[in-house]
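Data file: run_7.txt. Format and content: compact mmCIF, C-alpha atoms.
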# COMPACT_ATOMS: atom_id res chain seq x y z
CA MET E 1 -88.47 -9.03 -72.75
CA LYS E 2 -88.49 -9.81 -69.00
CA GLN E 3 -87.88 -13.45 -68.10
CA PRO E 4 -90.51 -15.06 -65.79
CA SER E 5 -89.29 -15.74 -62.27
CA CYS E 6 -89.31 -19.14 -60.66
CA ALA E 7 -91.96 -19.29 -57.95
CA SER E 8 -90.47 -22.14 -55.98
CA ARG E 9 -87.60 -24.53 -55.84
CA LEU E 10 -87.70 -28.28 -55.55
CA VAL E 11 -85.76 -29.68 -52.60
CA LEU E 12 -84.06 -32.99 -53.32
CA PRO E 13 -82.69 -34.91 -50.35
CA VAL E 14 -79.67 -36.93 -51.38
CA VAL E 15 -78.44 -39.68 -49.13
CA LEU E 16 -74.86 -40.71 -49.47
CA ALA E 17 -73.84 -44.02 -47.98
CA ALA E 18 -70.50 -45.70 -47.86
CA THR E 19 -69.74 -49.07 -46.42
CA LEU E 20 -66.27 -50.35 -45.76
CA SER E 21 -65.60 -54.04 -45.19
CA ALA E 22 -62.59 -55.43 -43.39
CA CYS E 23 -61.05 -58.92 -43.52
CA GLY E 24 -62.51 -59.80 -40.14
CA GLY E 25 -66.03 -59.14 -41.36
CA GLY E 26 -66.50 -55.88 -39.47
CA SER E 27 -68.06 -52.88 -41.18
CA SER E 28 -68.77 -49.24 -40.65
CA SER E 29 -71.24 -46.91 -42.36
CA ALA E 30 -72.03 -43.19 -42.47
CA ASP E 31 -75.12 -41.42 -43.82
CA ALA E 32 -75.19 -37.73 -44.88
CA GLN E 33 -78.21 -35.73 -46.13
CA VAL E 34 -77.65 -32.81 -48.50
CA ALA E 35 -80.46 -30.30 -49.42
CA ALA E 36 -80.53 -28.14 -52.54
CA ASN E 37 -82.07 -25.27 -50.54
CA PRO E 38 -80.92 -25.17 -46.89
CA ALA E 39 -83.69 -22.67 -46.08
CA THR E 40 -86.42 -25.19 -46.85
CA PRO E 41 -87.36 -27.40 -43.86
CA VAL E 42 -86.32 -31.02 -44.20
CA ASN E 43 -88.13 -33.77 -42.35
CA PRO E 44 -85.72 -35.36 -39.84
CA LEU E 45 -84.72 -38.98 -40.31
CA PRO E 46 -86.54 -41.44 -38.04
CA PRO E 47 -84.55 -42.65 -35.03
CA VAL E 48 -82.35 -45.68 -35.65
CA THR E 49 -83.28 -48.75 -33.63
CA PRO E 50 -80.21 -50.81 -32.62
CA VAL E 51 -80.28 -54.29 -34.09
CA THR E 52 -78.79 -57.11 -32.06
CA PRO E 53 -76.83 -59.49 -34.30
CA PRO E 54 -78.06 -63.08 -34.32
CA ALA E 55 -76.56 -65.09 -31.50
CA GLY E 56 -75.56 -67.94 -33.77
CA SER E 57 -75.36 -71.42 -32.40
CA ASP E 58 -72.96 -74.14 -31.42
CA THR E 59 -72.51 -77.07 -33.80
CA GLY E 60 -72.11 -80.71 -32.83
CA SER E 61 -73.08 -82.55 -29.67
CA VAL E 62 -71.87 -84.99 -27.02
CA SER E 63 -73.46 -88.30 -26.05
CA ALA E 64 -72.66 -87.66 -22.38
CA PRO E 65 -70.91 -84.97 -20.31
CA PHE E 66 -67.20 -85.44 -19.75
CA ALA E 67 -66.57 -87.29 -16.46
CA LYS E 68 -63.38 -85.83 -15.02
CA GLY E 69 -61.25 -88.64 -13.54
CA LEU E 70 -58.30 -88.72 -11.17
CA SER E 71 -55.71 -87.66 -13.77
CA PRO E 72 -57.37 -85.56 -16.50
CA ARG E 73 -55.35 -83.63 -19.06
CA TYR E 74 -56.03 -81.08 -21.78
CA LEU E 75 -54.75 -79.66 -25.06
CA LEU E 76 -55.56 -76.13 -26.27
CA LEU E 77 -54.35 -74.80 -29.64
CA ALA E 78 -54.95 -71.13 -30.43
CA VAL E 79 -53.37 -68.89 -33.07
CA GLY E 80 -49.69 -68.54 -32.16
CA SER E 81 -49.92 -70.59 -28.96
CA GLN E 82 -50.37 -74.11 -27.66
CA ALA E 83 -50.95 -75.28 -24.10
CA TYR E 84 -51.23 -78.78 -22.65
CA GLY E 85 -50.98 -80.38 -19.24
CA THR E 86 -52.98 -81.32 -16.16
CA LEU E 87 -56.63 -80.29 -16.32
CA ARG E 88 -57.04 -78.41 -13.04
CA SER E 89 -60.56 -77.16 -13.72
CA MET E 90 -63.20 -77.12 -16.44
CA THR E 91 -66.77 -76.03 -17.12
CA GLN E 92 -69.00 -77.78 -19.64
CA ASP E 93 -72.19 -76.15 -20.91
CA SER E 94 -75.49 -77.86 -21.68
CA SER E 95 -74.56 -77.98 -25.39
CA GLY E 96 -71.48 -80.05 -24.54
CA ALA E 97 -69.12 -77.15 -25.27
CA LEU E 98 -66.44 -76.24 -22.74
CA SER E 99 -66.36 -72.65 -21.51
CA GLU E 100 -63.36 -72.92 -19.16
CA ILE E 101 -60.22 -75.07 -19.34
CA SER E 102 -57.57 -74.86 -16.62
CA GLY E 103 -58.17 -71.18 -15.98
CA VAL E 104 -58.66 -70.19 -19.63
CA GLY E 105 -62.18 -68.89 -20.15
CA PHE E 106 -64.35 -68.49 -23.23
CA SER E 107 -67.34 -66.15 -23.10
CA GLY E 108 -69.26 -63.49 -25.01
CA THR E 109 -72.56 -62.59 -26.62
CA PRO E 110 -72.49 -64.67 -28.62
CA ALA E 111 -69.97 -67.31 -27.58
CA ILE E 112 -70.01 -69.92 -30.34
CA THR E 113 -68.26 -73.29 -30.28
CA ARG E 114 -68.05 -75.48 -33.39
CA ASP E 115 -67.25 -79.17 -33.97
CA ILE E 116 -68.45 -80.25 -30.50
CA VAL E 117 -68.03 -83.98 -29.89
CA GLY E 118 -67.39 -86.27 -26.96
CA ASP E 119 -68.73 -88.54 -24.25
CA ALA E 120 -67.84 -89.40 -20.66
CA ALA E 121 -64.23 -90.16 -21.74
CA PHE E 122 -63.35 -86.97 -23.66
CA ALA E 123 -64.62 -83.61 -24.88
CA GLN E 124 -63.46 -81.86 -28.03
CA GLY E 125 -64.39 -78.68 -29.88
CA ARG E 126 -63.33 -75.41 -31.49
CA TRP E 127 -63.97 -72.00 -29.91
CA PHE E 128 -65.03 -69.86 -32.87
CA THR E 129 -66.68 -66.57 -31.87
CA GLY E 130 -66.23 -64.96 -28.46
CA THR E 131 -63.57 -63.76 -26.04
CA LEU E 132 -60.69 -65.97 -24.93
CA THR E 133 -59.48 -64.87 -21.48
CA ARG E 134 -56.15 -65.88 -19.93
CA SER E 135 -54.22 -64.52 -16.97
CA SER E 136 -52.09 -62.58 -19.47
CA GLY E 137 -55.07 -60.86 -21.13
CA SER E 138 -57.99 -61.34 -23.49
CA THR E 139 -58.31 -62.11 -27.20
CA VAL E 140 -61.49 -61.41 -29.16
CA MET E 141 -62.29 -63.94 -31.88
CA SER E 142 -64.78 -62.39 -34.30
CA GLY E 143 -65.67 -65.43 -36.36
CA ASN E 144 -63.02 -65.05 -39.06
CA ASN E 145 -60.13 -67.49 -39.32
CA ALA E 146 -59.25 -67.30 -35.60
CA SER E 147 -60.16 -70.41 -33.60
CA ALA E 148 -58.99 -72.19 -30.47
CA HIS E 149 -59.13 -75.98 -30.66
CA TYR E 150 -59.40 -78.03 -27.46
CA SER E 151 -59.46 -81.59 -26.22
CA VAL E 152 -59.79 -82.90 -22.65
CA TYR E 153 -59.42 -86.55 -21.62
CA ASN E 154 -58.56 -88.87 -18.75
CA THR E 155 -55.26 -90.73 -18.58
CA LEU E 156 -54.89 -94.42 -17.77
CA ALA E 157 -54.10 -95.60 -14.26
CA ALA E 158 -51.35 -97.81 -15.76
CA LEU E 159 -50.18 -98.93 -19.21
CA PRO E 160 -51.05 -102.46 -20.36
CA PHE E 161 -48.13 -104.80 -20.94
CA THR E 162 -49.21 -106.06 -24.35
CA GLY E 163 -51.88 -105.73 -27.00
CA VAL E 164 -52.66 -104.40 -30.48
CA PHE E 165 -55.82 -102.33 -30.97
CA GLN E 166 -57.85 -101.17 -33.95
CA CYS E 167 -58.81 -97.49 -34.04
CA ASP E 168 -61.97 -95.95 -35.50
CA ALA E 169 -62.19 -93.26 -38.19
CA GLY E 170 -61.64 -90.49 -35.64
CA LYS E 171 -63.27 -87.18 -34.68
CA PHE E 172 -61.74 -83.92 -35.97
CA THR E 173 -62.11 -80.21 -35.51
CA ALA E 174 -62.11 -78.31 -38.80
CA PRO E 175 -58.53 -77.25 -39.55
CA SER E 176 -58.26 -73.45 -39.24
CA TYR E 177 -55.92 -71.15 -41.15
CA THR E 178 -53.05 -69.77 -39.03
CA GLY E 179 -50.72 -68.11 -41.54
CA GLY E 180 -48.22 -68.81 -44.27
CA ALA E 181 -49.39 -68.22 -47.83
CA SER E 182 -52.42 -65.93 -48.16
CA VAL E 183 -55.82 -67.55 -48.73
CA GLN E 184 -59.27 -66.32 -49.67
CA GLN E 185 -62.06 -66.24 -47.09
CA ASP E 186 -63.45 -69.58 -48.28
CA GLY E 187 -60.09 -71.09 -47.33
CA TYR E 188 -60.15 -70.04 -43.67
CA PHE E 189 -61.38 -73.50 -42.65
CA GLY E 190 -61.13 -76.96 -44.13
CA THR E 191 -61.95 -80.60 -43.57
CA ALA E 192 -59.86 -83.41 -42.14
CA SER E 193 -59.77 -87.20 -42.08
CA GLY E 194 -57.16 -89.67 -40.95
CA SER E 195 -56.14 -92.82 -39.12
CA ALA E 196 -54.40 -93.95 -35.94
CA THR E 197 -52.72 -97.07 -34.56
CA LEU E 198 -52.04 -98.23 -31.02
CA SER E 199 -50.08 -101.11 -29.52
CA PHE E 200 -48.59 -101.91 -26.10
CA GLY E 201 -45.32 -103.67 -25.38
CA ALA E 202 -42.31 -103.76 -23.10
CA ALA E 203 -41.24 -100.25 -24.16
CA GLY E 204 -44.67 -98.74 -23.47
CA ALA E 205 -47.47 -97.58 -25.76
CA ALA E 206 -46.64 -97.04 -29.44
CA LEU E 207 -48.87 -94.37 -30.98
CA ALA E 208 -49.24 -93.21 -34.56
CA MET E 209 -51.59 -90.74 -36.20
CA THR E 210 -52.03 -89.42 -39.73
CA VAL E 211 -54.25 -86.48 -40.73
CA ASP E 212 -55.16 -85.52 -44.30
CA ALA E 213 -56.46 -81.96 -44.56
CA THR E 214 -58.13 -80.03 -47.39
CA ALA E 215 -58.81 -76.28 -47.46
CA GLY E 216 -59.06 -73.57 -50.08
CA GLY E 217 -58.54 -76.04 -52.92
CA SER E 218 -55.24 -77.31 -51.51
CA THR E 219 -54.29 -80.43 -49.55
CA GLY E 220 -51.74 -81.42 -46.95
CA LYS E 221 -50.77 -84.26 -44.64
CA ALA E 222 -49.37 -84.49 -41.11
CA SER E 223 -48.07 -87.68 -39.52
CA GLY E 224 -46.67 -88.44 -36.11
CA THR E 225 -45.40 -91.46 -34.18
CA GLY E 226 -43.99 -91.98 -30.74
CA THR E 227 -43.74 -94.23 -27.70
CA ILE E 228 -44.89 -93.22 -24.23
CA ASN E 229 -43.79 -95.09 -21.11
CA THR E 230 -45.97 -93.30 -18.53
CA PRO E 231 -49.73 -92.68 -18.83
CA ASP E 232 -49.47 -88.87 -18.65
CA MET E 233 -46.67 -88.52 -21.19
CA THR E 234 -47.10 -86.65 -24.48
CA VAL E 235 -45.05 -87.04 -27.67
CA ILE E 236 -44.22 -84.18 -30.04
CA SER E 237 -43.11 -85.09 -33.54
CA GLY E 238 -42.25 -83.23 -36.73
CA GLY E 239 -42.55 -79.47 -36.82
CA PHE E 240 -45.43 -79.14 -34.36
CA LEU E 241 -43.58 -76.47 -32.37
CA GLY E 242 -42.12 -74.88 -35.48
CA GLY E 243 -43.32 -73.85 -38.89
CA SER E 244 -43.87 -77.21 -40.56
CA SER E 245 -46.25 -80.14 -40.30
CA GLY E 246 -46.23 -82.11 -37.06
CA MET E 247 -48.20 -83.54 -34.17
CA LEU E 248 -48.59 -83.71 -30.43
CA LEU E 249 -49.79 -87.20 -29.41
CA ALA E 250 -51.24 -88.48 -26.14
CA LEU E 251 -53.00 -91.56 -24.82
CA GLY E 252 -56.33 -91.47 -23.03
CA ASP E 253 -58.68 -93.86 -21.23
CA GLY E 254 -61.66 -94.51 -23.48
CA GLY E 255 -63.59 -96.47 -20.85
CA THR E 256 -64.89 -100.06 -20.93
CA GLY E 257 -61.58 -101.50 -22.13
CA THR E 258 -61.00 -98.96 -24.93
CA TYR E 259 -58.29 -96.35 -25.40
CA LEU E 260 -58.03 -92.90 -26.98
CA VAL E 261 -55.28 -91.72 -29.31
CA THR E 262 -55.67 -87.96 -29.19
CA GLY E 263 -53.62 -84.93 -30.13
CA GLY E 264 -53.10 -81.73 -32.03
CA TYR E 265 -51.98 -81.49 -35.62
CA LYS E 266 -50.38 -78.76 -37.73
CA VAL E 267 -50.43 -79.06 -41.51
CA VAL E 268 -48.66 -77.06 -44.21
CA MET E 269 -50.73 -77.30 -47.40
CA ALA E 270 -49.30 -77.69 -50.87
CA ASN E 271 -50.01 -73.97 -51.47
CA GLY E 272 -47.91 -72.98 -48.42
CA ALA E 273 -50.81 -72.10 -46.10
CA ASN E 274 -50.68 -73.32 -42.48
CA TYR E 275 -53.57 -74.97 -40.62
CA GLN E 276 -54.11 -76.63 -37.25
CA GLY E 277 -56.71 -78.66 -35.36
CA VAL E 278 -57.23 -81.54 -32.93
CA ALA E 279 -58.31 -85.14 -33.43
CA THR E 280 -59.34 -88.08 -31.25
CA PHE E 281 -59.53 -91.79 -32.18
CA ARG E 282 -61.08 -94.56 -30.07
CA CYS E 283 -59.19 -97.86 -30.22
CA SER E 284 -60.52 -101.22 -29.12

Let me see the file written as C-alpha cells.
Amino acid sequence: MKQPSCASRLVLPVVLAATLSACGGGSSSADAQVAANPATPVNPLPPVTPVTPPAGSDTGSVSAPFAKGLSPRYLLLAVGSQAYGTLRSMTQDSSGALSEISGVGFSGTPAITRDIVGDAAFAQGRWFTGTLTRSSGSTVMSGNNASAHYSVYNTLAALPFTGVFQCDAGKFTAPSYTGGASVQQDGYFGTASGSATLSFGAAGAALAMTVDATAGGSTGKASGTGTINTPDMTVISGGFLGGSSGMLLALGDGGTGTYLVTGGYKVVMANGANYQGVATFRCS
C-alpha cells in the first residue's frame, strides 16, 4: 500500500542564547536562529534598540564646598598605588564629589562617587565607577572591587604649643578589597569605625588613629601613632607601604578652633584579605 505524502512541514524557529558573566560584572550574549526548513521564509527579528545603562548616583553629601586655603594637601589611595602631597588643583562637583585632584581626573558616563562627606575644612569620598586619568595613563573602574579613596584638607599655619583634644566618631570611606585571600562578591566592600586622639606639646602634635573594619564575614584592625613637628608633615606607621596593616596620618585645620586627624588605612582581615580606605576625625 502506498504511504500518504506529507503536504507541508512545520517550521520551528529555535533561539539559542548564551550569557557569560565575568568577575567585573561584564557580560556578552549571542543569539542564533535555526529553521527546520531553510526554504521556508522566516520573519526577520525586529531591530535591537540600544539600552543605555542607568547612570547611577553618588552617595553622601557635604555641608559646604571645600574652601581651599593657603597650604592644602591631599591623599589618594587606589589599587596598587598611593599618592599624597600638596594639593595643586582640584574640582568639586555640585554633589560634593571631587572630579580632579592635583592633575588626576575622574570622569565617565556614569562617573559615580560613593561615601561623599565634608565641609569647608575637608572633602572625602571614594571614586567607584568611571575612568581614573593620570599623566601615565587611564584606568577604568567598572564598579567591582576597584575604588580610589581620597581626602583633601588644609594644614595649620602653625602648631599649638599645648593642648589635649577630644575627637569625634569619625567619617570613613567603605574599605575596599585590594587583594590577598580571595573573597566573594559580597566581600568586595565593608564597613569601618574607629577612634582618634590628638595632643600638642613641646615635641609637636601627637596623633593616633585606630580603625576596625568588617567585610565578607571577617574583621581586622589597623592602628597608627606618630608625632609631627611641622604642619605639613605626614606620618607612616605599620605596614602601610607594604603588605600588612598600617596607616598614613596627617593633621588638618578643622576651622573655628578645631583640628582634623585624617589619613589612609590598610587592614589585613583575619581571613587574609586586604582592604584600604580613608578616615577623618574632627577634634575639639

Using all atoms listed in the file, which residue out of E:Leu198, E:Ala120, E:Val183, E:Ala250 lies closest to E:Gly264?
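Using all atoms listed in the file, E:Gly264 sits closest to E:Ala250.
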
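Within a radius of 12 Å around (-46.2, -73.3, -48.9), the polymer residues are Gly179, Gly180, Ala181, Ser182, Val183, Ser218, Thr219, Gly220, Gly243, Ser244, Ser245, Val267, Val268, Met269, Ala270, Asn271, Gly272, Ala273, Asn274 and Tyr275 of chain E, counting all atoms listed in the file.
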
One decimal, Å: what's the distance from atom CA of E:Gly204 over to atom CA of E:Ile236, could you say?
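Interatomic distance, atom CA of E:Gly204 to atom CA of E:Ile236: 16.0 Å.
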
Exercise: E:Leu241 partners within 12 Å, only C-alpha atoms, chain neighbours under 6 positions left out, as a PyMOL selection string:
chain E and resi 77+80-83+235+247-248+264-267+276

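Note that atom CA of E:Phe281 and atom CA of E:Gly201 are 19.7 Å apart.
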
Take every atom of stretch 227-235 of chain E listed in the file, fit an axis-aligned box around them, add 3 Å per side, and give the centre and edge lengths in Å to one decimal as lines of an AutoDock Vina configuration file.
center_x = -46.7
center_y = -90.9
center_z = -23.1
size_x = 12.0
size_y = 14.4
size_z = 15.2

Dig up all the protein and nucleic acid residues within 9 Å of (-49.6, -87.7, -20.0) in the file frame, using all atoms listed in the file, and format them as a PyMOL selection string.
chain E and resi 71-73+85-86+155-156+228+230-235+250-252

Based on the selection just made, write C-alpha atoms of those residues as a tab-separated table (two decimals), in the coordinates of the input.
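Full text of out_16.tsv as output:
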chain	number	residue	atom	x	y	z
E	71	SER	CA	-55.71	-87.66	-13.77
E	72	PRO	CA	-57.37	-85.56	-16.50
E	73	ARG	CA	-55.35	-83.63	-19.06
E	85	GLY	CA	-50.98	-80.38	-19.24
E	86	THR	CA	-52.98	-81.32	-16.16
E	155	THR	CA	-55.26	-90.73	-18.58
E	156	LEU	CA	-54.89	-94.42	-17.77
E	228	ILE	CA	-44.89	-93.22	-24.23
E	230	THR	CA	-45.97	-93.30	-18.53
E	231	PRO	CA	-49.73	-92.68	-18.83
E	232	ASP	CA	-49.47	-88.87	-18.65
E	233	MET	CA	-46.67	-88.52	-21.19
E	234	THR	CA	-47.10	-86.65	-24.48
E	235	VAL	CA	-45.05	-87.04	-27.67
E	250	ALA	CA	-51.24	-88.48	-26.14
E	251	LEU	CA	-53.00	-91.56	-24.82
E	252	GLY	CA	-56.33	-91.47	-23.03

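The smallest atom-to-atom distance between E:Gly143 and any of E:Ala196, E:Leu76, E:Cys283, E:Ala111, using only C-alpha atoms, is found for E:Ala111.
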
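Distance check against E:Ala67 using only C-alpha atoms: of E:Ile101, E:Val79, E:Ala123, E:Ile116, the minimum falls on E:Ala123.
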
Between atom CA of E:Val211 and atom CA of E:Thr113, what distance in Å does the model show, to one decimal?
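These atoms are spaced 21.9 Å apart.
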
List the spatial neighbours of E:Gly246 as a PyMOL selection string - criterion: any atom at most 6 Å away, only C-alpha atoms, same-chain residues fewer than 6 positions off excluded.
chain E and resi 222+237-240+265-266

Long-range neighbours of E:Val164 as an MDAnalysis selection string, 10 Å cut-off, all atoms listed in the file, 3 positions minimum in chain:
chainID E and resid 167 197:201 205:206 283:284

My list of candidates is E:Ser63, E:Gln124, E:Gln185, E:Ser95. Which is closest to E:Ser151 when distances are computed with all atoms listed in the file?
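Going through E:Ser63, E:Gln124, E:Gln185, E:Ser95 one by one, the smallest distance to E:Ser151 is for E:Gln124.
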
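Among the candidate residues E:Leu260, E:Met90, E:Leu75, E:Val278, the one lying nearest to E:Ser193 is E:Val278, with distances computed using only C-alpha atoms.
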
From the options E:Ser195, E:Asn154, E:Thr214, E:Thr227, which residue's atoms come nearest to E:Asp253, counting only C-alpha atoms?
E:Asn154
